[in-house]
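Student: Below are the structure tokens for one structure; questions will follow.
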Amino acid sequence: MPQQDTTEIKKRIILTFRQRGPSLPVHIANATGLSMLFSSAFLSELVSEKELRISNMKVGNSPIYYIPGQEPILEKFSMHL
């Protein structure tokens, strides 16, 4: 795999959240073309940089990630509680 600038990947992930709203790691992996392992690593890094937040709600064992300010949109996952 050719080496990519991680800043561009992070921007692509944030753009995906802006378009989709709160998402699961599998949605981000599909949207970016990354493996689940790499998408989860990028999501964790974005949470530590305070670009993303993790909801207390889970779908299966997967947490729901979102951009601060998207809290009201989390309601679409309420059926999984």
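Labels used: A, B, ... for chains in the order of the structure tokens, numbers from 1 for residues in each chain, and numbers from 1 for ligands as shown.
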Residues within 12 Å of A:Met36, please, as a tab-separated table (two decimals) with N, CA, C and O atoms, in the first residue's frame. Count only C-alpha atoms; anything in the same chain fewer than 6 positions from it doesn't count.
Tutor:
```tsv
chain	number	residue	atom	x	y	z
A	24	LEU	N	-20.85	4.38	12.68
A	24	LEU	CA	-20.11	3.25	13.25
A	24	LEU	C	-18.77	3.12	12.52
A	24	LEU	O	-18.64	3.56	11.37
A	25	PRO	N	-17.80	2.49	13.16
A	25	PRO	CA	-16.51	2.30	12.50
A	25	PRO	C	-16.61	1.59	11.15
A	25	PRO	O	-15.89	1.91	10.21
A	26	VAL	N	-17.52	0.64	11.03
A	26	VAL	CA	-17.67	-0.08	9.76
A	26	VAL	C	-18.13	0.86	8.65
A	26	VAL	O	-17.71	0.72	7.50
A	27	HIS	N	-18.97	1.85	8.97
A	27	HIS	CA	-19.41	2.81	7.97
A	27	HIS	C	-18.24	3.67	7.48
A	27	HIS	O	-18.13	3.96	6.29
A	28	ILE	N	-17.37	4.04	8.41
A	28	ILE	CA	-16.20	4.84	8.05
A	28	ILE	C	-15.23	4.02	7.21
A	28	ILE	O	-14.66	4.50	6.25
A	29	ALA	N	-15.05	2.76	7.58
A	29	ALA	CA	-14.16	1.88	6.80
A	29	ALA	C	-14.67	1.76	5.37
A	29	ALA	O	-13.89	1.85	4.41
A	30	ASN	N	-15.97	1.57	5.21
A	30	ASN	CA	-16.53	1.44	3.86
A	30	ASN	C	-16.42	2.75	3.08
A	30	ASN	O	-16.11	2.74	1.89
A	42	PHE	N	-7.67	5.42	13.23
A	42	PHE	CA	-7.85	6.83	12.91
A	42	PHE	C	-8.96	7.45	13.76
A	42	PHE	O	-8.83	8.59	14.22
A	43	LEU	N	-10.03	6.71	13.99
A	43	LEU	CA	-11.12	7.23	14.83
A	43	LEU	C	-10.62	7.48	16.25
A	43	LEU	O	-10.92	8.53	16.84
A	62	SER	N	-19.94	-2.14	18.90
A	62	SER	CA	-19.31	-0.98	18.28
A	62	SER	C	-19.86	0.33	18.83
A	62	SER	O	-21.07	0.53	18.84
```
Student: Name the residues of chain A that fall into helix (DSSP H, G or I) according to DSSP on the backbone, using the chain letters and numbers of this document, as a ChimeraX atom specification.
Tutor: /A:6-20,25-32,36-48,71-80
Student: When distances are computed from only C-alpha atoms, which of A:Leu34, A:Ser78, A:Tyr65, A:Gly21 shows the smallest separation from A:Lys50?
Tutor: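 Closest to A:Lys50 of all the choices is A:Tyr65.
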Student: Name the residues in contact with A:Arg20 at a cut-off of 12 Å, using only C-alpha atoms, excluding same-chain residues fewer than 5 positions from it; report them as a list of chain:residue names.
Tutor: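 My list of contacting residues is A:Ile13, A:Ile14, A:Leu15, A:His27, A:Ile28, A:Ala31, A:Tyr65, A:Tyr66, A:Ile67, A:Gln70, A:Ile73, A:Leu74, A:Lys76.
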Student: Could the residues in this selection be saved with N, CA, C and O atoms as a PDB file, in the first residue's frame?
Tutor:
```
ATOM      1  N   ILE A  13     -12.193  11.444   6.652  1.00  0.00           N
ATOM      2  CA  ILE A  13     -13.040  10.859   7.697  1.00  0.00           C
ATOM      3  C   ILE A  13     -13.977  11.927   8.268  1.00  0.00           C
ATOM      4  O   ILE A  13     -15.178  11.687   8.419  1.00  0.00           O
ATOM      5  N   ILE A  14     -13.446  13.100   8.576  1.00  0.00           N
ATOM      6  CA  ILE A  14     -14.278  14.194   9.106  1.00  0.00           C
ATOM      7  C   ILE A  14     -15.342  14.579   8.096  1.00  0.00           C
ATOM      8  O   ILE A  14     -16.508  14.797   8.457  1.00  0.00           O
ATOM      9  N   LEU A  15     -14.988  14.645   6.817  1.00  0.00           N
ATOM     10  CA  LEU A  15     -15.964  14.966   5.772  1.00  0.00           C
ATOM     11  C   LEU A  15     -17.070  13.915   5.729  1.00  0.00           C
ATOM     12  O   LEU A  15     -18.251  14.248   5.574  1.00  0.00           O
ATOM     13  N   HIS A  27     -18.972   1.845   8.969  1.00  0.00           N
ATOM     14  CA  HIS A  27     -19.411   2.815   7.966  1.00  0.00           C
ATOM     15  C   HIS A  27     -18.238   3.667   7.483  1.00  0.00           C
ATOM     16  O   HIS A  27     -18.128   3.964   6.295  1.00  0.00           O
ATOM     17  N   ILE A  28     -17.370   4.035   8.411  1.00  0.00           N
ATOM     18  CA  ILE A  28     -16.203   4.844   8.051  1.00  0.00           C
ATOM     19  C   ILE A  28     -15.229   4.018   7.214  1.00  0.00           C
ATOM     20  O   ILE A  28     -14.662   4.505   6.248  1.00  0.00           O
ATOM     21  N   ALA A  31     -16.678   3.866   3.737  1.00  0.00           N
ATOM     22  CA  ALA A  31     -16.667   5.159   3.052  1.00  0.00           C
ATOM     23  C   ALA A  31     -15.264   5.595   2.643  1.00  0.00           C
ATOM     24  O   ALA A  31     -15.097   6.274   1.630  1.00  0.00           O
ATOM     25  N   TYR A  65     -19.551   6.984  16.839  1.00  0.00           N
ATOM     26  CA  TYR A  65     -18.707   8.175  16.829  1.00  0.00           C
ATOM     27  C   TYR A  65     -19.497   9.319  16.202  1.00  0.00           C
ATOM     28  O   TYR A  65     -20.334   9.102  15.327  1.00  0.00           O
ATOM     29  N   TYR A  66     -19.188  10.544  16.644  1.00  0.00           N
ATOM     30  CA  TYR A  66     -19.868  11.713  16.088  1.00  0.00           C
ATOM     31  C   TYR A  66     -19.010  12.961  16.272  1.00  0.00           C
ATOM     32  O   TYR A  66     -18.100  12.991  17.098  1.00  0.00           O
ATOM     33  N   ILE A  67     -19.342  13.977  15.485  1.00  0.00           N
ATOM     34  CA  ILE A  67     -18.692  15.274  15.602  1.00  0.00           C
ATOM     35  C   ILE A  67     -19.430  16.057  16.682  1.00  0.00           C
ATOM     36  O   ILE A  67     -20.660  16.009  16.731  1.00  0.00           O
ATOM     37  N   GLN A  70     -23.396  17.109  16.905  1.00  0.00           N
ATOM     38  CA  GLN A  70     -24.292  16.166  16.236  1.00  0.00           C
ATOM     39  C   GLN A  70     -25.068  15.303  17.230  1.00  0.00           C
ATOM     40  O   GLN A  70     -25.709  14.341  16.836  1.00  0.00           O
ATOM     41  N   ILE A  73     -28.653  14.101  16.496  1.00  0.00           N
ATOM     42  CA  ILE A  73     -28.787  13.120  15.410  1.00  0.00           C
ATOM     43  C   ILE A  73     -28.585  11.697  15.918  1.00  0.00           C
ATOM     44  O   ILE A  73     -28.953  10.729  15.257  1.00  0.00           O
ATOM     45  N   LEU A  74     -28.027  11.552  17.118  1.00  0.00           N
ATOM     46  CA  LEU A  74     -27.823  10.218  17.694  1.00  0.00           C
ATOM     47  C   LEU A  74     -29.138   9.483  17.897  1.00  0.00           C
ATOM     48  O   LEU A  74     -29.147   8.260  18.045  1.00  0.00           O
ATOM     49  N   LYS A  76     -31.258   8.611  15.855  1.00  0.00           N
ATOM     50  CA  LYS A  76     -31.531   7.612  14.830  1.00  0.00           C
ATOM     51  C   LYS A  76     -31.013   6.223  15.221  1.00  0.00           C
ATOM     52  O   LYS A  76     -31.417   5.217  14.640  1.00  0.00           O
TER      53      LYS A  76
END
```
Student: Calculated over only C-alpha atoms, which of the candidates A:Thr7, A:Pro68, A:Ser23, A:Ser35 has the smallest distance to A:Arg53?
Tutor: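 Looking at the shortest contact to A:Arg53, the residue is A:Pro68.
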Student: Return the single residue from A:Ser44, A:Thr16, A:Thr32, A:Ser55 that is closest to A:Glu75, with distances computed using only C-alpha atoms.
Tutor: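 Of A:Ser44, A:Thr16, A:Thr32, A:Ser55, the one nearest A:Glu75 is A:Ser55, counting only C-alpha atoms.
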Student: Mind listing the strand (DSSP E) residues of stretch 34-81 of chain A, per DSSP on the backbone, as a list in words?
Tutor: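 Result set for stretch 34-81 of chain A (strand (DSSP E)): Arg53, Ile54, Ser55, Asn56, Met57, Lys58, Val59, Ser62, Pro63, Ile64, Tyr65 and Tyr66 of chain A.
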Student: Write out, as an mmCIF file, in the first residue's frame, the residues just selected, with N, CA, C and O atoms.
Tutor:
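As written to disk, selection-v5.cif reads:
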```cif
data_model
loop_
_atom_site.group_PDB
_atom_site.id
_atom_site.type_symbol
_atom_site.label_atom_id
_atom_site.label_comp_id
_atom_site.auth_asym_id
_atom_site.auth_seq_id
_atom_site.Cartn_x
_atom_site.Cartn_y
_atom_site.Cartn_z
ATOM 1 N N ARG A 53 -16.153 12.546 19.048
ATOM 2 C CA ARG A 53 -16.544 12.035 20.365
ATOM 3 C C ARG A 53 -17.126 10.645 20.197
ATOM 4 O O ARG A 53 -17.572 10.280 19.117
ATOM 5 N N ILE A 54 -17.144 9.901 21.303
ATOM 6 C CA ILE A 54 -17.718 8.557 21.307
ATOM 7 C C ILE A 54 -18.974 8.590 22.158
ATOM 8 O O ILE A 54 -18.956 9.066 23.293
ATOM 9 N N SER A 55 -20.065 8.062 21.614
ATOM 10 C CA SER A 55 -21.323 7.990 22.351
ATOM 11 C C SER A 55 -21.272 6.829 23.333
ATOM 12 O O SER A 55 -20.534 5.860 23.138
ATOM 13 N N ASN A 56 -22.079 6.912 24.374
ATOM 14 C CA ASN A 56 -22.225 5.784 25.297
ATOM 15 C C ASN A 56 -23.082 4.687 24.690
ATOM 16 O O ASN A 56 -23.069 3.561 25.170
ATOM 17 N N MET A 57 -23.848 5.021 23.644
ATOM 18 C CA MET A 57 -24.664 4.014 22.953
ATOM 19 C C MET A 57 -23.751 3.144 22.097
ATOM 20 O O MET A 57 -22.756 3.617 21.566
ATOM 21 N N LYS A 58 -24.146 1.896 21.967
ATOM 22 C CA LYS A 58 -23.408 0.967 21.111
ATOM 23 C C LYS A 58 -24.386 0.201 20.255
ATOM 24 O O LYS A 58 -25.517 -0.046 20.639
ATOM 25 N N VAL A 59 -23.916 -0.173 19.084
ATOM 26 C CA VAL A 59 -24.660 -1.075 18.209
ATOM 27 C C VAL A 59 -23.833 -2.350 18.193
ATOM 28 O O VAL A 59 -22.731 -2.368 17.644
ATOM 29 N N SER A 62 -19.937 -2.145 18.896
ATOM 30 C CA SER A 62 -19.307 -0.981 18.275
ATOM 31 C C SER A 62 -19.862 0.326 18.828
ATOM 32 O O SER A 62 -21.075 0.532 18.838
ATOM 33 N N PRO A 63 -18.977 1.220 19.249
ATOM 34 C CA PRO A 63 -19.444 2.521 19.707
ATOM 35 C C PRO A 63 -19.836 3.394 18.506
ATOM 36 O O PRO A 63 -19.406 3.155 17.381
ATOM 37 N N ILE A 64 -20.639 4.405 18.786
ATOM 38 C CA ILE A 64 -21.056 5.343 17.752
ATOM 39 C C ILE A 64 -20.198 6.598 17.910
ATOM 40 O O ILE A 64 -20.125 7.176 18.992
ATOM 41 N N TYR A 65 -19.551 6.984 16.839
ATOM 42 C CA TYR A 65 -18.707 8.175 16.829
ATOM 43 C C TYR A 65 -19.497 9.319 16.202
ATOM 44 O O TYR A 65 -20.334 9.102 15.327
ATOM 45 N N TYR A 66 -19.188 10.544 16.644
ATOM 46 C CA TYR A 66 -19.868 11.713 16.088
ATOM 47 C C TYR A 66 -19.010 12.961 16.272
ATOM 48 O O TYR A 66 -18.100 12.991 17.098
#
```
Student: Could you tell me how far atom CA of A:Glu8 sits from atom CA of A:Asn61, in Å to one decimal place?
Tutor: 28.1 Å
